[in-house]
>>> print(open('data-v6.txt').read())   # compact mmCIF, C-alpha atoms
# COMPACT_ATOMS: atom_id res chain seq x y z
CA MET A 3 111.61 -113.47 207.97
CA TYR A 4 113.56 -110.58 209.42
CA LYS A 5 116.72 -110.95 211.46
CA ILE A 6 116.91 -109.84 215.08
CA ARG A 7 120.10 -108.29 216.30
CA LEU A 8 120.48 -110.00 219.64
CA ASP A 9 122.44 -107.28 221.39
CA HIS A 10 119.78 -104.76 220.48
CA PHE A 11 117.35 -105.29 223.34
CA GLU A 12 117.88 -104.28 226.94
CA GLY A 13 115.23 -106.67 228.21
CA PRO A 14 111.79 -108.14 227.57
CA LEU A 15 110.03 -104.75 227.82
CA ASP A 16 112.41 -103.30 225.25
CA LEU A 17 111.62 -106.19 222.91
CA LEU A 18 107.87 -105.71 223.33
CA LEU A 19 108.20 -101.99 222.59
CA PHE A 20 110.10 -102.94 219.47
CA PHE A 21 107.25 -105.18 218.27
CA ILE A 22 104.72 -102.45 219.02
CA ARG A 23 106.71 -99.83 217.12
CA ARG A 24 107.47 -102.07 214.18
CA ASP A 25 103.89 -103.15 213.62
CA GLU A 26 102.34 -99.79 214.58
CA LEU A 27 100.25 -101.46 217.23
CA ASN A 28 97.99 -99.49 219.53
CA ILE A 29 99.67 -99.88 222.90
CA TYR A 30 96.26 -99.78 224.62
CA ASP A 31 94.96 -102.63 222.48
CA ILE A 32 97.86 -105.02 222.07
CA PRO A 33 97.01 -108.20 220.11
CA ILE A 34 98.26 -110.49 222.87
CA SER A 35 98.06 -113.70 220.87
CA LYS A 36 100.20 -112.39 218.01
CA ILE A 37 102.74 -110.71 220.22
CA THR A 38 103.06 -113.76 222.49
CA LYS A 39 103.90 -115.91 219.50
CA GLU A 40 106.57 -113.52 218.25
CA PHE A 41 107.94 -113.15 221.74
CA LEU A 42 108.23 -116.93 222.17
CA ASP A 43 110.03 -117.23 218.83
CA TYR A 44 112.59 -114.78 220.09
CA VAL A 45 112.92 -116.51 223.47
CA ASN A 46 113.57 -119.83 221.73
CA LEU A 47 116.28 -118.12 219.74
CA ILE A 48 118.10 -116.68 222.75
CA ARG A 49 117.69 -119.79 224.85
CA MET A 50 120.10 -121.50 222.51
CA MET A 51 122.61 -118.69 222.91
CA ASP A 52 122.46 -117.10 226.32
CA LEU A 53 120.75 -118.85 229.18
CA GLU A 54 121.46 -116.14 231.70
CA ILE A 55 119.57 -113.40 229.90
CA ALA A 56 116.86 -115.82 228.88
CA GLY A 57 115.51 -116.00 232.45
CA ASP A 58 114.00 -112.52 232.33
CA PHE A 59 112.55 -113.20 228.91
CA ILE A 60 111.00 -116.48 229.97
CA LEU A 61 109.35 -114.73 232.91
CA MET A 62 107.80 -112.22 230.50
CA ALA A 63 106.74 -115.03 228.15
CA SER A 64 104.85 -116.68 231.00
CA THR A 65 103.26 -113.33 231.91
CA LEU A 66 102.12 -112.94 228.30
CA MET A 67 100.63 -116.42 228.24
CA HIS A 68 98.89 -115.73 231.53
CA ILE A 69 97.34 -112.59 230.06
CA LYS A 70 96.36 -114.52 226.96
CA VAL A 71 94.47 -117.04 229.06
CA ARG A 72 92.76 -114.34 231.09
CA MET A 73 91.63 -112.66 227.86
CA LEU A 74 89.63 -115.78 227.03
CA LEU A 75 87.87 -115.91 230.40
CA PRO A 76 84.99 -113.64 231.41
CA ARG A 77 86.40 -110.28 232.53
CA GLU A 78 86.89 -109.56 236.22
CA VAL A 79 85.33 -106.33 237.46
CA ASP A 80 86.69 -103.71 239.89
CA GLU A 81 84.80 -102.02 242.77
CA LYS A 82 83.09 -99.61 240.41
CA GLY A 83 81.84 -102.48 238.26
CA ASP A 84 84.13 -101.66 235.34
CA GLU A 85 85.77 -104.49 233.49
CA ILE A 86 89.47 -104.98 234.20
CA ASP A 87 91.60 -105.39 231.11
CA PRO A 88 94.09 -108.21 231.82
CA ARG A 89 96.63 -106.24 229.81
CA ALA A 90 96.41 -103.14 232.04
CA ASP A 91 99.47 -103.93 234.20
CA LEU A 92 101.58 -104.79 231.19
CA ILE A 93 100.61 -101.56 229.43
CA LYS A 94 101.48 -99.58 232.54
CA ALA A 95 104.87 -101.29 232.78
CA LEU A 96 105.58 -100.70 229.09
CA LEU A 97 104.78 -97.00 229.28
CA GLU A 98 106.79 -96.54 232.47
CA TYR A 99 109.78 -98.26 230.90
CA LYS A 100 109.41 -96.20 227.73
CA ARG A 101 109.58 -92.98 229.75
CA TYR A 102 112.97 -93.89 231.16
CA LYS A 103 114.26 -95.35 227.94
CA GLU A 104 113.46 -92.06 226.22
CA VAL A 105 115.16 -89.98 228.86
CA SER A 106 118.23 -92.22 228.80
CA GLU A 107 118.78 -90.90 225.27
CA GLU A 108 119.01 -87.42 226.80
CA PHE A 109 121.53 -88.78 229.27
CA SER A 110 123.59 -90.12 226.42
CA PHE A 111 123.48 -86.65 224.82
CA LEU A 112 124.64 -85.01 228.07
CA GLU A 113 127.40 -87.60 228.37
CA THR A 114 128.60 -86.81 224.84
CA ASN A 115 128.71 -83.08 225.58
CA GLN A 116 130.48 -83.40 228.88
CA ARG A 117 133.11 -85.74 227.46
CA LYS A 118 134.21 -82.88 225.26
CA VAL A 119 135.07 -80.72 228.29
CA SER A 120 138.20 -81.15 230.38
CA ASN A 121 137.92 -79.73 233.87
CA ARG A 122 140.62 -78.61 236.21
CA GLY A 123 141.70 -81.28 238.63
CA ASN A 124 142.09 -84.25 236.29
CA TYR A 125 145.63 -84.76 237.48
CA SER A 126 146.67 -87.37 240.00
CA GLY A 127 150.32 -86.57 240.76
CA ASP A 128 149.70 -84.10 243.56
CA ILE A 129 150.42 -85.27 247.07
CA LYS A 130 147.81 -83.91 249.40
CA GLU A 131 148.05 -83.73 253.13
CA ALA A 132 144.71 -84.58 254.65
CA PRO A 133 143.60 -81.94 257.16
CA PRO A 134 142.23 -83.52 260.33
CA GLU A 135 138.61 -82.76 259.58
CA PHE A 136 136.14 -85.57 259.83
CA ASP A 137 134.32 -85.00 256.55
CA ILE A 138 137.60 -84.68 254.71
CA LEU A 139 139.00 -87.84 256.26
CA LEU A 140 136.06 -89.68 254.77
CA LYS A 141 136.36 -88.03 251.39
CA ASN A 142 135.31 -90.17 248.42
CA VAL A 143 134.80 -93.19 250.64
CA THR A 144 131.37 -94.75 250.82
CA VAL A 145 130.02 -97.57 252.94
CA PHE A 146 130.23 -99.68 249.81
CA ASP A 147 133.98 -99.04 249.53
CA LEU A 148 134.53 -99.94 253.16
CA ALA A 149 132.49 -103.11 252.88
CA LYS A 150 134.29 -104.11 249.70
CA ALA A 151 137.72 -103.52 251.22
CA PHE A 152 136.79 -105.42 254.36
CA LYS A 153 135.55 -108.38 252.34
CA LYS A 154 138.76 -108.40 250.34
CA ALA A 155 140.85 -108.29 253.51
CA ILE A 156 138.89 -111.13 255.09
CA GLU A 157 139.22 -113.27 251.98
CA GLY A 158 142.91 -112.44 251.74
CA ILE A 159 143.83 -113.85 255.15
CA LYS A 160 146.06 -116.88 254.74
CA LYS A 161 145.22 -119.90 256.81
CA ILE A 162 148.16 -120.81 259.05
CA PRO A 163 148.45 -124.58 259.43
CA PHE A 164 148.41 -125.45 263.11
CA HIS A 165 149.59 -128.83 264.41
CA GLU A 166 149.24 -130.02 267.95
CA ILE A 167 151.20 -133.04 269.05
CA ILE A 168 149.72 -135.14 271.81
CA LYS A 169 151.56 -138.08 273.33
CA MET A 170 149.35 -141.14 273.31
CA PRO A 171 150.16 -143.54 276.14
CA VAL A 172 149.48 -146.74 274.20
CA SER A 173 151.66 -149.75 273.47
CA ILE A 174 151.18 -152.98 271.58
CA ASP A 175 151.61 -154.99 274.82
CA GLU A 176 148.81 -153.08 276.47
CA GLN A 177 146.50 -153.68 273.53
CA ILE A 178 147.44 -157.37 273.47
CA ASP A 179 146.28 -157.61 277.09
CA PHE A 180 143.15 -155.69 276.21
CA ILE A 181 142.31 -158.02 273.31
CA MET A 182 143.07 -161.21 275.24
CA GLU A 183 140.83 -160.05 278.04
CA LYS A 184 137.93 -159.49 275.63
CA VAL A 185 138.49 -162.76 273.74
CA ASN A 186 138.76 -164.79 276.93
CA GLU A 187 135.65 -163.18 278.28
CA MET A 188 133.40 -163.63 275.21
CA ASN A 189 135.15 -166.51 273.32
CA GLU A 190 134.70 -164.60 270.08
CA VAL A 191 134.39 -160.95 269.25
CA HIS A 192 133.84 -158.85 266.12
CA PHE A 193 136.70 -156.53 265.33
CA LEU A 194 134.38 -153.52 264.99
CA THR A 195 132.86 -154.30 268.42
CA LEU A 196 136.32 -154.54 269.85
CA VAL A 197 137.38 -151.13 268.65
CA PHE A 198 133.97 -149.51 269.14
CA ASP A 199 135.07 -147.33 272.04
CA ILE A 200 138.39 -146.30 270.53
CA ARG A 201 138.37 -142.68 269.41
CA GLU A 202 142.01 -141.99 268.56
CA LYS A 203 143.45 -143.09 265.27
CA ILE A 204 146.81 -144.11 266.71
CA ARG A 205 145.19 -146.35 269.34
CA LEU A 206 143.19 -148.01 266.56
CA VAL A 207 146.36 -148.64 264.55
CA VAL A 208 148.17 -150.08 267.57
CA THR A 209 145.19 -152.30 268.35
CA PHE A 210 145.20 -153.63 264.80
CA ILE A 211 148.94 -154.36 265.02
CA ALA A 212 148.24 -156.19 268.31
CA VAL A 213 145.62 -158.31 266.52
CA LEU A 214 148.17 -159.23 263.85
CA GLU A 215 150.77 -159.96 266.54
CA LEU A 216 148.40 -162.25 268.48
CA THR A 217 147.49 -164.08 265.30
CA LYS A 218 151.15 -164.66 264.52
CA MET A 219 151.68 -166.01 268.04
CA ASN A 220 148.66 -168.33 267.53
CA LYS A 221 147.00 -166.82 270.60
CA ILE A 222 143.79 -165.98 268.65
CA GLY A 223 142.23 -166.98 265.37
CA LEU A 224 140.56 -164.86 262.72
CA ARG A 225 137.50 -165.80 260.72
CA GLU A 226 135.40 -163.95 258.21
CA SER A 227 132.19 -162.36 259.37
CA ASN A 228 128.77 -162.10 257.65
CA ASN A 229 129.51 -158.45 257.31
CA PHE A 230 132.24 -158.14 254.70
CA ASN A 231 133.66 -155.05 256.34
CA ASP A 232 134.36 -156.85 259.55
CA PHE A 233 136.03 -160.04 260.85
CA ILE A 234 135.77 -162.13 263.97
CA LEU A 235 138.48 -162.80 266.54
CA TYR A 236 138.13 -166.12 268.37
CA ARG A 237 139.85 -167.84 271.20
CA VAL A 238 142.39 -170.53 270.49
CA ASP A 239 142.52 -172.81 273.54
CA ASN A 240 145.63 -174.74 272.79
CA GLY A 241 147.50 -171.44 272.21
CA MET B 29 131.18 -56.20 247.11
CA ASP B 30 134.54 -54.88 245.95
CA ASN B 31 135.83 -55.69 242.51
CA ILE B 32 138.97 -57.15 243.99
CA TYR B 33 136.96 -60.16 245.09
CA THR B 34 136.33 -61.07 241.48
CA ASN B 35 140.03 -61.83 241.13
CA ILE B 36 140.09 -63.68 244.45
CA ILE B 37 137.14 -65.80 243.38
CA GLU B 38 138.86 -66.56 240.07
CA ALA B 39 142.02 -67.62 241.92
CA LEU B 40 140.11 -69.79 244.37
CA ILE B 41 138.25 -71.61 241.61
CA PHE B 42 141.39 -72.01 239.56
CA SER B 43 143.32 -73.58 242.40
CA SER B 44 140.60 -76.06 243.36
CA ASP B 45 140.93 -79.54 241.92
CA GLU B 46 137.21 -80.21 242.12
CA PRO B 47 134.09 -78.06 241.73
CA LEU B 48 134.28 -75.32 244.39
CA LYS B 49 131.07 -74.52 246.25
CA HIS B 50 129.75 -71.04 247.04
CA SER B 51 130.09 -71.78 250.74
CA GLU B 52 133.81 -72.57 250.38
CA ILE B 53 134.45 -69.27 248.59
CA VAL B 54 132.58 -67.36 251.29
CA LYS B 55 134.49 -69.28 253.97
CA ALA B 56 137.88 -68.38 252.48
CA ILE B 57 137.10 -64.69 252.02
CA LYS B 58 135.52 -64.24 255.44
CA GLY B 59 138.27 -66.27 257.07
CA ILE B 60 140.93 -63.84 255.81
CA ASP B 61 139.13 -60.51 255.67
CA GLY B 62 136.81 -60.88 258.64
CA GLU B 63 133.26 -62.01 259.26
CA ASP B 64 131.78 -58.55 258.63
CA ILE B 65 132.59 -58.67 254.92
CA SER B 66 129.30 -58.86 253.05
CA ILE B 67 129.42 -61.42 250.26
CA THR B 68 126.42 -63.38 249.03
CA ASP B 69 125.91 -66.26 246.64
CA SER B 70 124.53 -63.90 244.02
CA ASP B 71 127.65 -61.72 244.35
CA ILE B 72 129.70 -64.77 243.50
CA GLU B 73 127.42 -65.64 240.57
CA GLU B 74 127.83 -62.09 239.24
CA SER B 75 131.60 -62.22 239.59
CA VAL B 76 131.75 -65.54 237.75
CA ASN B 77 129.61 -64.12 234.96
CA ARG B 78 131.95 -61.13 234.71
CA ILE B 79 134.99 -63.42 234.56
CA ASN B 80 133.35 -65.50 231.84
CA GLU B 81 132.52 -62.40 229.82
CA LYS B 82 136.17 -61.39 230.02
CA TYR B 83 137.20 -64.87 228.80
CA SER B 84 134.86 -64.82 225.83
CA GLU B 85 135.97 -61.28 224.87
CA ASN B 86 139.56 -62.49 224.87
CA ASN B 87 138.51 -65.66 223.03
CA ASN B 88 140.05 -67.82 225.77
CA SER B 89 140.09 -71.59 225.37
CA PHE B 90 138.36 -72.17 228.71
CA SER B 91 135.69 -70.74 230.99
CA ILE B 92 134.22 -71.30 234.46
CA THR B 93 131.37 -73.79 234.34
CA ARG B 94 128.76 -74.59 236.95
CA LEU B 95 129.14 -78.22 237.90
CA ALA B 96 127.88 -80.30 240.84
CA ASN B 97 126.71 -77.29 242.87
CA GLY B 98 130.03 -75.52 242.39
CA PHE B 99 132.38 -73.81 239.97
CA THR B 100 135.20 -75.34 237.99
CA PHE B 101 137.32 -74.47 235.01
CA GLY B 102 136.50 -76.33 231.83
CA THR B 103 137.93 -76.27 228.33
CA ARG B 104 135.81 -75.42 225.31
CA PRO B 105 134.34 -78.48 223.57
CA GLU B 106 136.03 -77.79 220.23
CA PHE B 107 139.43 -78.80 221.65
CA ALA B 108 138.15 -82.18 222.81
CA LYS B 109 139.98 -84.30 220.25
CA TYR B 110 143.37 -82.71 220.95
CA LEU B 111 142.98 -83.08 224.71
CA GLY B 112 141.75 -86.64 224.34
CA TYR B 113 144.82 -87.45 222.30
CA LEU B 114 147.09 -86.73 225.25
CA SER B 115 144.96 -87.77 228.21
CA SER B 116 143.51 -91.19 228.72
CA GLU B 117 140.99 -89.80 231.22
CA LYS B 118 138.45 -88.74 228.61
CA SER B 119 138.96 -91.59 226.21
CA LYS B 120 137.46 -94.03 228.69
CA ARG B 121 134.58 -96.15 227.48
CA ARG B 122 131.12 -94.66 227.42
CA LEU B 123 128.29 -96.01 229.54
CA SER B 124 126.24 -98.82 228.03
CA GLN B 125 122.57 -98.42 227.19
CA ALA B 126 121.70 -100.62 230.17
CA ALA B 127 123.76 -98.41 232.49
CA LEU B 128 122.15 -95.23 231.12
CA GLU B 129 118.65 -96.66 231.57
CA THR B 130 119.41 -97.74 235.12
CA LEU B 131 120.96 -94.37 235.96
CA ALA B 132 117.94 -92.55 234.51
CA ILE B 133 115.57 -94.51 236.74
CA ILE B 134 117.74 -93.97 239.83
CA ALA B 135 118.14 -90.25 239.05
CA TYR B 136 114.40 -89.61 238.94
CA LYS B 137 113.17 -92.08 241.53
CA GLN B 138 115.93 -91.83 244.14
CA PRO B 139 116.20 -93.14 246.73
CA VAL B 140 115.18 -96.36 245.00
CA THR B 141 115.57 -100.08 245.78
CA LYS B 142 116.81 -102.83 243.47
CA PRO B 143 113.39 -104.54 243.25
CA GLU B 144 111.78 -101.23 242.17
CA LEU B 145 114.46 -100.81 239.51
CA GLU B 146 114.06 -104.34 238.25
CA ALA B 147 110.28 -103.97 238.11
CA ILE B 148 110.65 -101.01 235.75
CA ARG B 149 113.43 -102.44 233.59
CA GLY B 150 112.08 -105.99 233.59
CA VAL B 151 115.59 -107.42 233.94
CA ASN B 152 118.01 -108.34 236.68
CA CYS B 153 120.12 -105.30 237.67
CA ASP B 154 122.81 -106.81 239.97
CA TYR B 155 125.68 -106.42 237.57
CA ILE B 156 124.76 -102.92 236.43
CA LEU B 157 124.34 -101.70 240.01
CA ASN B 158 127.78 -102.98 240.94
CA THR B 159 129.34 -101.32 237.91
CA LEU B 160 127.69 -98.00 238.72
CA LEU B 161 128.74 -98.26 242.38
CA GLU B 162 132.33 -98.90 241.34
CA LYS B 163 132.25 -95.93 239.00
CA ARG B 164 130.88 -93.92 241.95
CA LEU B 165 128.00 -92.65 239.83
CA ILE B 166 125.59 -93.97 242.45
CA SER B 167 125.91 -94.77 246.12
CA ILE B 168 123.99 -96.53 248.85
CA MET B 169 121.79 -94.02 250.66
CA GLY B 170 120.49 -96.32 253.39
CA ARG B 171 117.86 -98.99 253.73
CA ALA B 172 114.14 -98.90 253.03
CA GLU B 173 111.76 -99.58 255.93
CA THR B 174 109.92 -102.20 253.87
CA ILE B 175 110.15 -105.98 254.24
CA GLY B 176 113.71 -107.25 253.95
CA ARG B 177 115.07 -103.71 254.42
CA PRO B 178 116.47 -103.50 250.87
CA LEU B 179 119.31 -101.05 250.12
CA LEU B 180 118.40 -97.65 248.70
CA TYR B 181 120.41 -96.20 245.84
CA GLY B 182 120.87 -92.58 244.79
CA THR B 183 123.09 -90.52 242.51
CA THR B 184 126.36 -88.86 243.60
CA GLU B 185 128.27 -85.65 242.87
CA GLU B 186 130.36 -87.66 240.43
CA PHE B 187 127.13 -88.36 238.58
CA LEU B 188 126.51 -84.60 238.22
CA ILE B 189 130.09 -84.06 237.06
CA TYR B 190 129.92 -86.96 234.58
CA PHE B 191 126.83 -85.53 232.89
CA GLY B 192 127.93 -81.89 233.24
CA LEU B 193 125.04 -80.93 235.52
CA ASN B 194 124.97 -78.28 238.21
CA ARG B 195 122.04 -79.62 240.19
CA ILE B 196 120.00 -82.81 240.03
CA THR B 197 117.00 -80.63 239.11
CA ASP B 198 118.79 -79.65 235.89
CA LEU B 199 118.04 -83.09 234.47
CA PRO B 200 115.73 -83.23 231.48
CA LYS B 201 112.20 -84.09 232.58
CA PRO B 202 110.89 -87.48 231.49
CA ARG B 203 107.69 -87.07 229.53
CA GLU B 204 104.42 -87.94 231.17
CA ILE B 205 102.82 -91.13 229.93
CA GLU B 206 99.81 -89.35 228.42
CA GLU B 207 102.18 -87.18 226.46
CA ILE B 208 104.06 -90.18 225.11
CA MET B 209 100.82 -91.60 223.79
CA GLN B 210 99.58 -88.41 222.17
CA ASP B 211 102.45 -87.71 219.86
CA GLU B 212 103.41 -89.41 216.67
CA ASP B 213 106.48 -90.95 218.20
CA PHE B 214 105.47 -94.51 217.50
CA LEU B 215 104.87 -93.74 213.86
CA GLU B 216 108.09 -91.79 213.67
CA GLN B 217 110.10 -94.69 215.07
CA LYS B 218 108.50 -96.93 212.49
CA ARG B 219 109.48 -94.52 209.74
CA LYS B 220 113.06 -94.44 210.97
CA LEU B 221 113.12 -98.20 210.96
CA MET B 222 111.84 -98.33 207.41
CA MET B 223 114.44 -95.77 206.39
CA SER B 224 117.28 -97.81 207.80
CA GLU B 225 115.96 -100.87 206.00
CA ILE B 226 115.86 -98.97 202.75
CA GLU B 227 119.36 -97.65 203.40
CA SER B 228 120.74 -101.10 204.06
CA SER B 229 119.11 -102.48 200.94
CA ILE B 230 120.66 -99.64 198.94
CA GLU B 231 124.00 -100.40 200.54
CA ALA B 232 123.64 -104.04 199.62
CA GLU B 233 122.84 -103.09 196.03
CA THR B 234 125.81 -100.79 195.73
CA GLU B 235 128.03 -103.48 197.14
CA GLU B 236 126.64 -105.86 194.55
CA SER B 237 127.35 -103.43 191.74
CA ASP B 238 130.84 -102.76 193.16
CA LYS B 239 131.54 -106.45 193.01
CA ASN B 240 130.25 -106.65 189.47
CA ASP B 241 132.42 -103.70 188.55
CA SER B 242 135.51 -105.34 189.92
CA ILE B 243 134.72 -108.57 188.10
CA GLU B 244 134.36 -106.69 184.87
>>> encode(input="data-v6.txt", output="structure tokens")
Amino acid sequence: MYKIRLDHFEGPLDLLLFFIRRDELNIYDIPISKITKEFLDYVNLIRMMDLEIAGDFILMASTLMHIKVRMLLPREVDEKGDEIDPRADLIKALLEYKRYKEVSEEFSFLETNQRKVSNRGNYSGDIKEAPPEFDILLKNVTVFDLAKAFKKAIEGIKKIPFHEIIKMPVSIDEQIDFIMEKVNEMNEVHFLTLVFDIREKIRLVVTFIAVLELTKMNKIGLRESNNFNDFILYRVDNG
Amino acid sequence: MDNIYTNIIEALIFSSDEPLKHSEIVKAIKGIDGEDISITDSDIEESVNRINEKYSENNNSFSITRLANGFTFGTRPEFAKYLGYLSSEKSKRRLSQAALETLAIIAYKQPVTKPELEAIRGVNCDYILNTLLEKRLISIMGRAETIGRPLLYGTTEEFLIYFGLNRITDLPKPREIEEIMQDEDFLEQKRKLMMSEIESSIEAETEESDKNDSIE
């Protein structure tokens, strides 16, 4: 069993090319079954280590299995009546990728050469006055830079806390009258029904204090309700 | 064209902090000496060649190179390590294999969308694209007219400068697919692989014997 260097492959296509090279396979006649098995072994290995990269590999694994299944079925035919090889798309993708992988080696060579040359202008101390020409005003700035800067500015804005103070014309006496009116009218009333129309927090608090006040004065009685989150206010006649 | 312009061209290129285009040189000369001065791009090319000949006769440490559709002074490669010792500019990290692959695809297929890129590479390219955009080696060229109007990417002048190219057409040509299949490349790669295996086994053996030596 050989060892795979995990950082070696740039993606699933790179890995497949590696298998093809290593085993001297004919790229036009890939043994799908064999290569699928090897590929899955590798995917299982990376799944334990790096889930993020594994996504692309799992997609390729499913493509391979799909091809494998299609290989077993009777071949589809194109307009001319020729059989379609289920591997055709994969082969095309592999060759296309190989073209660019090859040429990226040339890029690396160019990079190496150019790194050995120092050009004029690699200084940053000079202060330049920008002439008022449009193309020069936009020098070295792309839409991407503008968008990035804008996003940063938007995200950088600090939220200023803003408080508004509203005077609420509500008193405990008023709420006592309000409660007594309801209790007298209906004999008993659920607390939640009582406060149903109240929207402001402070009014709710004052109403609750009024309930406690009335209870203390023996004007109303409290009793538990079937609903455990509620209670019932009832009229006390001899109050 | 008078010979005096050779010196003017040299001075113009020397004073520019980025590759100077033919058109800029013509603009400067005509702006001072009048529109009726006859100076063509090939005149400039000739002058630059003459200047470079002078430099190589004198064994100068620099010459004028053609970079990103313009001219700029560059040092000779053999001094790289000394220059790198003093300046941090050149000792920056190299591009990763993934970045090189992505750049190669963009360079040949531009303008190209992210889905097209990902289809060729078979992997997600978000991170690489952002890195390349930040390095200014690529830029957004617009949007495709296809569904979803994806962004189009292309290479920049910085890309040409980074790889020491004059024009985008100076890039090495990728081989045609038929060509890839005809040669012995696959076998060659296999041989290389075998070689490295043999080398590593030899290394392992020598290490073994080294250990034994030290024990003895």
>>> residues_around(input="data-v6.txt", residues="B:Ser75", least_positions_apart="3", cutoff="6 Å", atoms="all atoms listed in the file", output="PyMOL selection string")
chain B and resi 34+72+78
>>> residues_around(input="data-v6.txt", residues="stretch 175-184 of chain B", least_positions_apart="6", cutoff="8 Å", atoms="only C-alpha atoms", output="PDB file with C-alpha atoms, in the coordinates of the input")
ATOM      1  CA  LEU B 131     120.960 -94.370 235.960  1.00  0.00           C
ATOM      2  CA  ILE B 134     117.740 -93.970 239.830  1.00  0.00           C
ATOM      3  CA  ALA B 135     118.140 -90.250 239.050  1.00  0.00           C
ATOM      4  CA  GLN B 138     115.930 -91.830 244.140  1.00  0.00           C
ATOM      5  CA  PRO B 139     116.200 -93.140 246.730  1.00  0.00           C
ATOM      6  CA  VAL B 140     115.180 -96.360 245.000  1.00  0.00           C
ATOM      7  CA  THR B 141     115.570-100.080 245.780  1.00  0.00           C
ATOM      8  CA  LYS B 142     116.810-102.830 243.470  1.00  0.00           C
ATOM      9  CA  ARG B 164     130.880 -93.920 241.950  1.00  0.00           C
ATOM     10  CA  LEU B 165     128.000 -92.650 239.830  1.00  0.00           C
ATOM     11  CA  ILE B 166     125.590 -93.970 242.450  1.00  0.00           C
ATOM     12  CA  SER B 167     125.910 -94.770 246.120  1.00  0.00           C
ATOM     13  CA  ILE B 168     123.990 -96.530 248.850  1.00  0.00           C
ATOM     14  CA  MET B 169     121.790 -94.020 250.660  1.00  0.00           C
TER      15      MET B 169
END
>>> interface_residues(input="data-v6.txt", of="chain B", to="chain A", cutoff="6 Å", atoms="only C-alpha atoms", output="list in words")
Asp45, Glu46, Phe101, Gly102, Thr103, Pro105, Ala108, Leu128, Glu129, Ala132, Ile148, Val151, Phe191, Gly192, Pro202, Phe214 and Lys218 of chain B
>>> closest_residue(input="data-v6.txt", among="A:Thr209, A:Asn229, A:Glu215, A:Lys82", to="A:Glu176", atoms="all atoms listed in the file")
A:Thr209
>>> atom_distance(input="data-v6.txt", atom1="atom CA of B:Ile156", atom2="atom CA of B:Thr130")
7.6 Å
>>> residues_near_point(input="data-v6.txt", point="(117.7, -84.9, 240.6)", cutoff="9 Å", atoms="all atoms listed in the file", output="list in words")
Ala135, Tyr136, Lys137, Gln138, Thr183, Arg195, Ile196, Thr197, Asp198 and Leu199 of chain B
>>> closest_residue(input="data-v6.txt", among="A:Val79, A:Ala90, A:Leu66, A:Leu17", to="A:Asp31", atoms="all atoms listed in the file")
A:Ala90
>>> atom_distance(input="data-v6.txt", atom1="atom CA of B:Thr93", atom2="atom CA of B:Phe107")
15.8 Å
>>> atom_distance(input="data-v6.txt", atom1="atom CA of A:Lys203", atom2="atom CA of A:Val172")
11.4 Å
>>> build_atoms(input="data-v6.txt", residues="stretch 35-46 of chain B", atoms="N, CA and C atoms", output="compact mmCIF listing (two decimals), in the coordinates of the input")
# COMPACT_ATOMS: atom_id res chain seq x y z
N ASN B 35 138.74 -61.17 241.37
CA ASN B 35 140.03 -61.83 241.13
C ASN B 35 140.28 -62.94 242.15
N ILE B 36 139.89 -62.66 243.41
CA ILE B 36 140.09 -63.68 244.45
C ILE B 36 139.27 -64.92 244.13
N ILE B 37 138.02 -64.67 243.72
CA ILE B 37 137.14 -65.80 243.38
C ILE B 37 137.74 -66.60 242.22
N GLU B 38 138.25 -65.90 241.23
CA GLU B 38 138.86 -66.56 240.07
C GLU B 38 140.04 -67.44 240.53
N ALA B 39 140.86 -66.88 241.43
CA ALA B 39 142.02 -67.62 241.92
C ALA B 39 141.60 -68.84 242.71
N LEU B 40 140.58 -68.66 243.55
CA LEU B 40 140.11 -69.79 244.37
C LEU B 40 139.61 -70.93 243.48
N ILE B 41 138.80 -70.57 242.47
CA ILE B 41 138.25 -71.61 241.61
C ILE B 41 139.36 -72.27 240.80
N PHE B 42 140.30 -71.46 240.36
CA PHE B 42 141.39 -72.01 239.56
C PHE B 42 142.22 -73.02 240.34
N SER B 43 142.42 -72.72 241.62
CA SER B 43 143.32 -73.58 242.40
C SER B 43 142.64 -74.84 242.92
N SER B 44 141.31 -74.90 242.81
CA SER B 44 140.60 -76.06 243.36
C SER B 44 140.62 -77.21 242.36
N ASP B 45 140.87 -78.41 242.85
CA ASP B 45 140.93 -79.54 241.92
C ASP B 45 139.59 -80.24 241.78
N GLU B 46 138.55 -79.70 242.39
CA GLU B 46 137.21 -80.21 242.12
C GLU B 46 136.24 -79.04 242.22
